[in-house]
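J.: This is the content of entry-v4.txt (compact mmCIF, C-alpha atoms):
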# COMPACT_ATOMS: atom_id res chain seq x y z
CA MET T 16 105.43 140.34 82.40
CA ALA T 17 108.68 138.54 83.16
CA SER T 18 111.73 139.38 81.06
CA LEU T 19 114.35 136.75 80.43
CA VAL T 20 118.12 136.89 80.23
CA MET T 21 119.96 133.67 79.46
CA VAL T 22 123.28 132.71 81.00
CA ALA T 23 125.26 130.48 78.67
CA PRO T 24 124.73 126.79 79.59
CA SER T 25 127.35 124.08 79.56
CA HIS T 26 126.75 120.58 78.21
CA ALA T 27 125.28 118.14 80.70
CA LEU T 28 125.92 114.47 81.26
CA ILE T 29 122.52 113.73 82.83
CA GLU T 30 119.20 113.72 81.07
CA ILE T 31 115.82 112.01 81.18
CA ASP T 32 114.80 109.96 78.16
CA ILE T 33 111.04 110.51 78.20
CA ARG T 34 110.59 108.23 75.18
CA GLN T 35 110.85 105.26 77.52
CA GLY T 36 107.62 103.60 78.64
CA ASN T 37 108.60 103.35 82.31
CA ILE T 38 110.57 106.31 83.58
CA GLN T 39 112.41 106.31 86.90
CA PRO T 40 112.02 109.83 88.37
CA MET T 41 115.31 111.73 88.64
CA PRO T 42 116.42 112.59 92.20
CA ILE T 43 116.76 116.37 92.27
CA ALA T 44 117.61 118.78 95.08
CA ILE T 45 115.93 122.19 95.04
CA THR T 46 117.34 124.53 97.66
CA ASP T 47 115.51 127.44 99.25
CA PHE T 48 116.40 130.47 97.15
CA SER T 49 118.32 133.04 99.17
CA GLY T 50 117.46 136.75 99.47
CA VAL T 51 113.96 138.15 99.97
CA PRO T 52 111.12 135.94 101.35
CA GLN T 53 109.62 135.32 97.90
CA GLY T 54 112.73 133.27 97.13
CA VAL T 55 111.63 130.43 99.40
CA GLU T 56 108.11 130.56 97.93
CA ILE T 57 109.48 130.42 94.37
CA SER T 58 111.62 127.38 95.16
CA ARG T 59 108.65 125.56 96.72
CA VAL T 60 106.51 126.17 93.61
CA ILE T 61 109.34 124.84 91.43
CA GLU T 62 109.54 121.72 93.60
CA ALA T 63 105.78 121.13 93.33
CA ASP T 64 105.80 121.64 89.55
CA LEU T 65 108.60 119.17 88.94
CA LYS T 66 107.17 116.57 91.31
CA ARG T 67 103.74 116.62 89.64
CA SER T 68 105.33 115.95 86.25
CA GLY T 69 106.23 112.45 87.42
CA LEU T 70 109.75 112.81 85.97
CA PHE T 71 111.47 114.20 89.06
CA ALA T 72 111.76 113.09 92.68
CA PRO T 73 112.61 116.15 94.81
CA LEU T 74 114.74 115.17 97.80
CA ASP T 75 113.82 115.91 101.40
CA ARG T 76 115.36 119.24 102.45
CA ASN T 77 116.15 117.75 105.86
CA THR T 78 118.79 115.56 104.20
CA TYR T 79 120.68 118.51 102.68
CA LEU T 80 124.25 118.85 103.99
CA GLN T 81 124.83 122.24 102.36
CA LYS T 82 122.19 124.80 103.15
CA ASP T 83 123.78 128.16 102.34
CA LEU T 84 123.68 128.03 98.55
CA SER T 85 122.92 131.07 96.42
CA SER T 86 123.06 131.72 92.69
CA SER T 87 126.66 132.96 93.07
CA THR T 88 127.89 129.94 95.07
CA VAL T 89 129.50 126.89 93.49
CA PRO T 90 128.13 123.85 95.33
CA SER T 91 130.28 121.39 97.23
CA PHE T 92 129.26 118.54 94.97
CA ALA T 93 130.37 115.80 97.35
CA ASN T 94 127.68 116.95 99.78
CA TRP T 95 125.06 116.29 97.12
CA THR T 96 126.32 113.02 95.68
CA VAL T 97 126.21 111.49 99.16
CA ILE T 98 122.41 112.02 99.27
CA ASN T 99 122.11 110.70 95.70
CA ALA T 100 121.08 113.97 94.08
CA GLN T 101 121.67 113.85 90.34
CA ALA T 102 120.63 117.45 89.67
CA LEU T 103 120.70 120.50 91.92
CA VAL T 104 118.85 123.82 91.68
CA SER T 105 120.02 126.92 93.55
CA GLY T 106 118.96 130.54 93.31
CA THR T 107 118.71 134.02 94.71
CA VAL T 108 115.83 136.53 94.67
CA THR T 109 116.53 140.20 95.41
CA GLN T 110 114.58 143.43 95.10
CA GLU T 111 115.84 146.14 92.76
CA SER T 112 115.78 149.84 93.57
CA ASP T 113 112.79 150.29 91.25
CA GLY T 114 110.80 147.70 93.21
CA ARG T 115 111.11 144.86 90.73
CA LEU T 116 112.21 141.40 91.76
CA LYS T 117 115.38 139.95 90.29
CA ALA T 118 115.28 136.15 90.32
CA GLU T 119 118.36 134.12 89.39
CA PHE T 120 118.77 130.36 89.33
CA ARG T 121 121.32 127.75 88.34
CA LEU T 122 120.85 124.11 87.43
CA TRP T 123 123.82 121.85 88.24
CA ASP T 124 124.85 118.39 87.09
CA VAL T 125 125.99 117.01 90.44
CA TYR T 126 128.08 114.06 89.20
CA ALA T 127 129.79 116.06 86.45
CA GLY T 128 130.27 119.02 88.79
CA LYS T 129 129.10 121.43 86.08
CA GLN T 130 126.47 124.08 85.57
CA MET T 131 123.84 123.02 83.03
CA THR T 132 121.99 126.30 82.65
CA GLY T 133 121.41 129.57 84.43
CA GLN T 134 118.91 132.35 83.88
CA GLN T 135 117.73 135.56 85.49
CA PHE T 136 114.41 137.37 85.40
CA PHE T 137 113.14 140.83 86.32
CA THR T 138 109.48 141.19 87.15
CA ALA T 139 106.91 142.92 89.35
CA PRO T 140 106.59 141.27 92.78
CA LYS T 141 103.01 140.16 92.01
CA ASN T 142 104.36 137.92 89.23
CA TRP T 143 106.60 135.82 91.45
CA ARG T 144 104.57 132.65 90.88
CA ARG T 145 104.87 133.02 87.14
CA VAL T 146 108.64 133.34 87.46
CA ALA T 147 108.63 130.08 89.41
CA HIS T 148 106.72 128.33 86.61
CA ILE T 149 109.07 129.73 83.95
CA ILE T 150 112.07 128.43 85.91
CA SER T 151 110.35 125.04 86.19
CA ASP T 152 109.91 125.03 82.41
CA ALA T 153 113.58 125.85 81.89
CA ILE T 154 114.69 123.01 84.17
CA TYR T 155 112.25 120.58 82.55
CA GLU T 156 113.44 121.47 79.04
CA ARG T 157 117.13 121.28 79.93
CA LEU T 158 116.78 117.84 81.49
CA THR T 159 114.29 116.28 79.06
CA GLY T 160 114.97 118.09 75.79
CA GLU T 161 111.29 118.99 75.46
CA LYS T 162 109.26 122.09 76.27
CA GLY T 163 107.73 122.32 79.72
CA TYR T 164 104.10 123.16 80.45
CA PHE T 165 104.16 124.91 83.83
CA ASP T 166 103.76 128.51 82.61
CA THR T 167 100.23 127.78 81.40
CA ARG T 168 96.68 128.34 82.53
CA ILE T 169 93.49 126.32 82.78
CA VAL T 170 90.04 127.61 81.94
CA PHE T 171 87.24 125.57 83.53
CA VAL T 172 83.63 125.66 84.66
CA ASP T 173 83.37 126.64 88.34
CA GLU T 174 80.30 125.03 89.93
CA SER T 175 78.85 126.26 93.22
CA GLY T 176 75.59 125.93 95.12
CA PRO T 177 73.15 123.03 95.62
CA LYS T 178 73.52 120.06 93.29
CA ALA T 179 70.07 120.57 91.75
CA SER T 180 70.66 124.25 90.96
CA ARG T 181 74.38 124.80 90.49
CA VAL T 182 75.68 128.21 89.41
CA LYS T 183 78.22 127.65 86.63
CA ARG T 184 80.80 130.32 85.84
CA LEU T 185 83.81 130.34 83.58
CA ALA T 186 87.00 130.65 85.60
CA ILE T 187 90.71 130.68 84.81
CA MET T 188 93.69 129.74 86.96
CA ASP T 189 97.34 128.74 86.79
CA GLN T 190 97.89 125.08 85.89
CA ASP T 191 98.54 124.29 89.58
CA GLY T 192 95.27 125.85 90.80
CA ALA T 193 96.61 129.25 91.91
CA ASN T 194 95.40 132.73 90.90
CA VAL T 195 91.76 131.87 90.18
CA ARG T 196 89.85 134.57 88.31
CA TYR T 197 86.21 134.50 87.15
CA LEU T 198 85.36 135.31 83.54
CA THR T 199 81.54 135.16 83.64
CA ASP T 200 79.01 136.10 86.32
CA GLY T 201 76.93 132.92 86.44
CA ARG T 202 73.71 134.35 85.00
CA ASP T 203 73.98 132.05 81.96
CA LEU T 204 74.90 128.39 81.98
CA VAL T 205 78.35 127.93 80.40
CA LEU T 206 79.68 124.81 78.68
CA THR T 207 82.80 123.38 76.99
CA PRO T 208 85.37 126.20 77.16
CA ARG T 209 88.28 125.62 74.74
CA PHE T 210 91.56 127.51 74.40
CA SER T 211 92.94 128.82 71.14
CA PRO T 212 96.27 127.08 70.39
CA THR T 213 97.80 130.36 69.20
CA LYS T 214 96.72 133.01 71.72
CA GLN T 215 95.07 133.66 75.05
CA GLU T 216 91.54 133.40 73.69
CA ILE T 217 88.79 130.89 74.35
CA THR T 218 85.63 129.70 72.67
CA TYR T 219 82.75 128.45 74.81
CA MET T 220 79.04 127.76 74.74
CA ALA T 221 76.52 129.75 76.80
CA LEU T 222 72.90 128.70 77.26
CA GLU T 223 70.87 131.88 76.83
CA ASN T 224 67.06 131.66 76.93
CA GLY T 225 67.35 127.93 76.44
CA LYS T 226 69.48 128.24 73.29
CA PRO T 227 73.22 127.50 73.19
CA ARG T 228 75.38 130.12 71.50
CA ALA T 229 79.08 130.01 70.69
CA TYR T 230 81.27 132.88 71.89
CA LEU T 231 84.86 134.02 71.63
CA LEU T 232 86.40 135.61 74.73
CA ASN T 233 89.75 137.40 74.93
CA ILE T 234 91.24 136.46 78.29
CA GLU T 235 93.35 139.62 78.62
CA THR T 236 90.84 142.28 77.54
CA GLY T 237 87.59 140.57 78.52
CA GLN T 238 86.15 141.37 75.08
CA ARG T 239 83.43 138.88 74.09
CA SER T 240 82.01 138.36 70.62
CA ASN T 241 79.25 136.13 69.31
CA VAL T 242 80.66 133.60 66.86
CA GLY T 243 77.45 133.60 64.85
CA GLU T 244 73.84 132.55 64.68
CA PHE T 245 73.32 128.89 63.86
CA PRO T 246 70.20 126.95 62.99
CA GLY T 247 69.26 124.50 65.74
CA MET T 248 71.44 123.82 68.76
CA SER T 249 75.24 124.24 68.76
CA PHE T 250 77.75 122.31 70.88
CA SER T 251 81.41 121.59 71.56
CA SER T 252 83.24 124.23 69.53
CA ARG T 253 87.01 123.88 69.21
CA PHE T 254 89.72 125.88 67.43
CA SER T 255 91.75 124.83 64.40
CA PRO T 256 95.55 124.73 64.97
CA ASP T 257 96.04 128.16 63.35
CA GLY T 258 93.26 129.71 65.44
CA GLN T 259 91.49 131.00 62.31
CA SER T 260 88.46 128.73 62.40
CA ILE T 261 86.43 126.55 64.73
CA VAL T 262 84.68 123.22 64.35
CA LEU T 263 81.48 122.52 66.20
CA SER T 264 78.43 120.28 66.24
CA LEU T 265 75.05 121.65 65.16
CA GLN T 266 71.84 119.80 65.95
CA GLN T 267 68.78 119.90 63.70
CA GLY T 268 65.92 117.61 64.62
CA GLY T 269 67.29 114.39 66.09
CA ASP T 270 70.58 114.54 64.20
CA ALA T 271 73.79 116.43 64.88
CA ASN T 272 76.52 117.06 62.35
CA ILE T 273 79.93 118.72 62.35
CA TYR T 274 80.57 122.08 60.76
CA ARG T 275 83.58 124.31 60.29
CA MET T 276 83.37 128.09 60.54
CA ASP T 277 86.00 130.53 59.26
CA LEU T 278 86.29 133.20 61.97
CA ARG T 279 87.53 135.81 59.48
CA THR T 280 84.76 135.48 56.88
CA GLY T 281 81.97 133.79 58.84
CA LYS T 282 81.68 131.11 56.16
CA ILE T 283 80.20 127.85 57.48
CA THR T 284 81.04 124.50 55.84
CA ARG T 285 79.24 121.28 56.66
CA LEU T 286 81.68 118.39 57.18
CA THR T 287 79.46 115.39 58.08
CA ASN T 288 76.06 114.43 56.76
CA SER T 289 74.66 111.44 58.61
CA ALA T 290 71.42 110.48 60.35
CA SER T 291 73.25 110.23 63.68
CA ILE T 292 74.80 112.34 66.40
CA ASP T 293 78.29 113.50 65.40
CA THR T 294 79.92 115.72 68.00
CA SER T 295 83.09 116.63 69.98
CA PRO T 296 85.34 117.37 66.96
CA SER T 297 89.06 117.95 67.52
CA PHE T 298 91.75 118.83 64.97
CA SER T 299 95.06 117.07 64.54
CA PRO T 300 97.93 119.52 65.25
CA ASP T 301 98.77 119.78 61.53
CA GLY T 302 95.16 120.66 60.71
CA ASN T 303 94.78 117.86 58.18
CA LYS T 304 92.52 115.54 60.20
CA ILE T 305 89.59 115.78 62.61
CA THR T 306 88.62 113.21 65.22
CA PHE T 307 85.06 113.12 66.55
CA GLU T 308 82.54 110.89 68.31
CA SER T 309 79.47 109.43 66.61
CA ASP T 310 76.73 106.93 67.32
CA ARG T 311 76.34 106.10 63.62
CA GLY T 312 77.40 102.52 64.38
CA GLY T 313 74.80 102.06 67.13
CA LYS T 314 76.73 103.46 70.11
CA GLN T 315 79.29 106.20 70.67
CA GLN T 316 82.63 105.46 69.00
CA ILE T 317 85.60 107.51 67.84
CA TYR T 318 86.10 108.36 64.17
CA VAL T 319 88.75 110.20 62.17
CA MET T 320 88.21 112.06 58.90
CA ASN T 321 90.05 114.47 56.65
CA ALA T 322 89.64 118.15 57.48
CA ASP T 323 87.22 118.56 54.55
CA GLY T 324 84.95 115.80 55.87
CA SER T 325 86.09 113.06 53.49
CA GLY T 326 87.58 109.68 54.34
CA VAL T 327 85.63 108.96 57.55
CA GLN T 328 87.05 105.95 59.41
CA ARG T 329 86.11 104.41 62.75
CA ILE T 330 89.14 103.85 64.98
CA SER T 331 87.73 102.64 68.34
CA PHE T 332 86.78 98.96 68.56
CA GLY T 333 87.18 98.08 72.24
CA ASN T 334 84.40 97.09 74.61
CA GLY T 335 82.18 99.91 75.81
CA SER T 336 81.42 103.32 74.30
CA TYR T 337 83.88 106.15 73.56
CA SER T 338 83.47 109.92 73.68
CA THR T 339 85.25 113.31 73.93
CA PRO T 340 88.25 112.50 71.68
CA VAL T 341 91.05 115.08 71.82
CA TRP T 342 94.12 114.99 69.58
CA SER T 343 97.46 115.36 71.35
CA PRO T 344 99.50 118.50 70.54
CA ARG T 345 102.31 116.11 69.59
CA GLY T 346 100.07 114.42 67.04
CA ASP T 347 100.84 110.89 68.24
CA LEU T 348 97.85 110.10 70.47
CA ILE T 349 94.14 110.72 70.90
CA ALA T 350 92.77 111.00 74.45
CA PHE T 351 89.21 109.89 75.16
CA THR T 352 86.54 109.09 77.74
CA LYS T 353 85.37 105.47 77.80
CA HIS T 354 82.22 104.10 79.45
CA TYR T 355 82.52 100.42 80.28
CA LYS T 356 80.79 98.26 82.90
CA GLY T 357 79.42 101.26 84.76
CA GLN T 358 82.82 102.98 84.98
CA PHE T 359 84.09 106.07 83.18
CA GLN T 360 87.72 105.84 82.12
CA ILE T 361 90.26 108.29 80.74
CA GLY T 362 92.56 106.73 78.16
CA VAL T 363 94.76 107.29 75.14
CA MET T 364 95.18 105.45 71.85
CA GLN T 365 97.29 105.75 68.73
CA THR T 366 95.69 107.82 65.99
CA ASP T 367 94.72 104.63 64.15
CA GLY T 368 93.00 103.27 67.28
CA SER T 369 95.72 100.82 68.23
CA ARG T 370 97.55 100.45 71.57
CA GLU T 371 94.71 101.67 73.74
CA ARG T 372 95.76 102.42 77.35
CA ILE T 373 93.53 103.37 80.28
CA LEU T 374 95.12 105.97 82.57
CA ALA T 375 92.32 106.64 85.07
CA ASP T 376 89.28 104.58 86.07
CA GLY T 377 86.38 105.45 88.36
CA TYR T 378 82.75 106.26 88.97
CA HIS T 379 82.65 109.21 86.57
CA ASN T 380 85.75 110.56 84.81
CA GLU T 381 85.31 112.79 81.78
CA GLY T 382 86.63 115.60 79.59
CA PRO T 383 90.38 115.10 79.02
CA THR T 384 92.49 118.06 77.91
CA TRP T 385 96.18 118.01 76.95
CA ALA T 386 99.06 120.03 78.34
CA PRO T 387 100.75 121.85 75.43
CA ASN T 388 103.70 119.44 75.41
CA GLY T 389 101.43 116.38 75.13
CA ARG T 390 102.81 114.62 78.24
CA VAL T 391 100.08 115.32 80.81
CA LEU T 392 96.27 115.28 80.78
CA MET T 393 93.74 117.05 82.96
CA PHE T 394 90.15 115.83 83.40
CA PHE T 395 87.29 116.05 85.86
CA ARG T 396 85.94 113.38 88.19
CA GLU T 397 82.44 113.43 89.66
CA SER T 398 81.98 112.17 93.22
CA ARG T 399 78.91 110.30 94.40
CA GLY T 400 76.14 111.40 96.74
CA ALA T 401 73.92 114.38 97.34
CA ASN T 402 76.90 116.52 98.27
CA GLY T 403 79.13 115.22 95.49
CA GLY T 404 80.38 117.14 92.52
CA PRO T 405 83.15 117.35 89.91
CA GLN T 406 86.79 118.03 90.75
CA LEU T 407 89.81 118.48 88.50
CA TYR T 408 92.70 116.01 88.27
CA SER T 409 95.93 115.79 86.30
CA ILE T 410 97.66 112.59 85.24
CA ASP T 411 100.77 111.86 83.19
CA LEU T 412 101.00 109.36 80.36
CA THR T 413 102.34 106.62 82.63
CA GLY T 414 99.04 106.71 84.56
CA ARG T 415 100.95 106.58 87.84
CA ASN T 416 101.12 110.27 88.73
CA GLU T 417 97.60 111.48 89.44
CA TYR T 418 96.99 114.68 91.41
CA ARG T 419 93.89 116.62 92.35
CA VAL T 420 94.07 120.22 91.18
CA PRO T 421 92.53 122.51 93.83
CA THR T 422 89.63 124.79 92.87
CA PRO T 423 87.53 127.14 95.06
CA ALA T 424 84.37 125.05 94.58
CA PHE T 425 83.57 122.18 92.24
CA GLY T 426 85.18 122.32 88.81
CA SER T 427 84.51 120.65 85.45
CA ASP T 428 85.35 120.87 81.74
CA PRO T 429 89.01 121.95 81.99
CA ALA T 430 90.86 123.27 78.95
CA TRP T 431 94.63 123.78 78.91
CA SER T 432 96.16 126.94 77.44
CA PRO T 433 99.25 127.15 75.25
CA LEU T 434 102.35 128.51 76.94
CA VAL T 435 101.70 132.07 78.12
CA ASP T 436 103.41 134.71 75.97
Take the structure in this file and express it as C-alpha cells.
T.:
Amino acid sequence: MASLVMVAPSHALIEIDIRQGNIQPMPIAITDFSGVPQGVEISRVIEADLKRSGLFAPLDRNTYLQKDLSSSTVPSFANWTVINAQALVSGTVTQESDGRLKAEFRLWDVYAGKQMTGQQFFTAPKNWRRVAHIISDAIYERLTGEKGYFDTRIVFVDESGPKASRVKRLAIMDQDGANVRYLTDGRDLVLTPRFSPTKQEITYMALENGKPRAYLLNIETGQRSNVGEFPGMSFSSRFSPDGQSIVLSLQQGGDANIYRMDLRTGKITRLTNSASIDTSPSFSPDGNKITFESDRGGKQQIYVMNADGSGVQRISFGNGSYSTPVWSPRGDLIAFTKHYKGQFQIGVMQTDGSRERILADGYHNEGPTWAPNGRVLMFFRESRGANGGPQLYSIDLTGRNEYRVPTPAFGSDPAWSPLVD
C-alpha cells in the first residue's frame, strides 16, 4: 500500500476547463525521474496515463533543453517556455534503508514559474506502478479540478481458445492493462462482472449446469458467496450506489423482469411487471432512479424508472435499437450500445434521452462501463472472421481519444472499479 505525504501547493495560473465541449490538450513536459531505475519507468507510466485521458499532450523528450531535473531542483523555466510547455513534472525515486521506495514529484506552472503541487510516497518496490497512477491522479486533479481515474482496476472476461469453444475466466488488471490476475479457473462460463461502487468487490453471473447464478466475490480475499437462489434464469446483476443491494433481471417463461435484492436481509422486491424482456438495470448515482432496457415497445429501447419501480418512462427515440444502459457516476449522462444499420455503436445521452452523441461506431461494439470520474468509457469490440474475437477499448467523452487496452487474450464485458483504497 502506498502512503501519502502532501507538500503544500501554491496557487496555479494554468488549468484545463473540462466543461468545454472541445478541449485543446495541454502541452506538458514529464521528465525522467532521477534516482533508481524505477524512476524512469514511473515517469513513462505517468506520461501514458495523461496522454490517454485526451486532456494532455506530453512533449517529445528529445526537445527538452534541461535534462538534469530532480525533485529538489528548481527548473530553468525559460528552457521550458521555449518548447511551449505549459506544465512540467519532475521527480526523484530513491530506495530507503528498509528497502522501500521513496517517490517524490513536483508539478510546475511553467509560465508563472511556480510550483503547483508536490507529494511524496513510500511503498514496496512491487507497487511502483501504483505510485505512478496515484501521481497521475494528483496531476490530473490539480490541473482539472476533478478527481482522476488512473489508480483503478478493470475486471473483465478473459476469452481464450477456439472461437467455437472459448474458455471464459474472470480476470482483473490495472486500468492500463498491466498486472493481470485471474479470479476464476474457467470451468464455469462467467458473464457480466460488475464492481461495487464502495469497495473492491464484484458481482457476476456464472453458468453452472446450464443455470446462471449470481455471486459476490471479494477481490482481495478471494472469498465467494452465492447471492441467492432465484426462480428461472438470472442476468445482469449490478450494485446500488451504497453497495447494500443489487438489481438484476430474472426470467420466467418468455418474460424477464427486474428485481432488487437487499444483500443484508436477502429480501427480493420485484420492480417491473410486464410481458416483455426487461434487463440490464443500472442505478443513478443518488440511488433514486434506475435505467434499463426493454422490448416492451416492440424493440429494445432505454427506459428510466424510480428506484421502487414506479414512473417508468421511455427515453430513447432515435433510429435503431438500444441496449446496455449505464448511468454515469456524475449523474449527467447515460451510456448505451446502439444497433443501427448493421453497426453497433457506443454513445451517451442526457438522462432524459436528449442530446444523443455517438462516440464509437463499428462492426460490433458493446458493453460500456464508466471510469469513476465519468469522463472516460471502456467497452469491447468484436473483430470479424474465424480468428476474430473481442478486445477492450477506452474512449473519452469527446470521442476523439480511442485506445485499445491490451489483454493477454481476447477480452469482453469490462467493468471499472472505484478508486483503489
J.: Each residue of range 282-328 of chain T lying at most 9 Å from range 363-379 of chain T should get a row with its shortest atom-to-atom pair and the distance in Å to one decimal, counting only C-alpha atoms; could you produce that, ordered by chain and increasing number, as JSON lines?
T.:
{"residue": "T:Thr306", "atom": "CA", "partner": "T:Thr366", "partner_atom": "CA", "distance": 8.9}
{"residue": "T:Ile317", "atom": "CA", "partner": "T:Gly368", "partner_atom": "CA", "distance": 8.5}
{"residue": "T:Val319", "atom": "CA", "partner": "T:Thr366", "partner_atom": "CA", "distance": 8.3}
J.: Find, counting all atoms listed in the file, the residue in T:Pro212, T:Leu407, T:Pro227, T:Arg275 that gets nearest to Ser343 in chain T.
T.: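 Result for the nearest residue to Ser343 in chain T: T:Pro212.
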J.: T:Val89, T:Ala139, T:Ile361, T:Ala72: which is nearest Pro340 in chain T, counting all atoms listed in the file?
T.: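 Looking only at the distances to Pro340 in chain T, the closest residue turns out to be T:Ile361.
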J.: Pick out the closest residue to Ile305 in chain T from this set: T:Ile57, T:Ile349, T:Ile154, T:Leu278. Count only C-alpha atoms.
T.: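 So, comparing all the options, the nearest one is T:Ile349.
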J.: Determine the nearest neighbour of Phe394 in chain T from the options T:Phe332, T:Tyr274, T:Phe171, T:Tyr197, counting all atoms listed in the file.
T.: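 Of all the options, T:Phe171 lies closest to Phe394 in chain T.
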J.: From the options T:Gln110, T:Ser309, T:Asn99, T:Thr352, which residue's atoms come nearest to Tyr126 in chain T, counting all atoms listed in the file?
T.: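 So, comparing all the options, the nearest one is T:Asn99.
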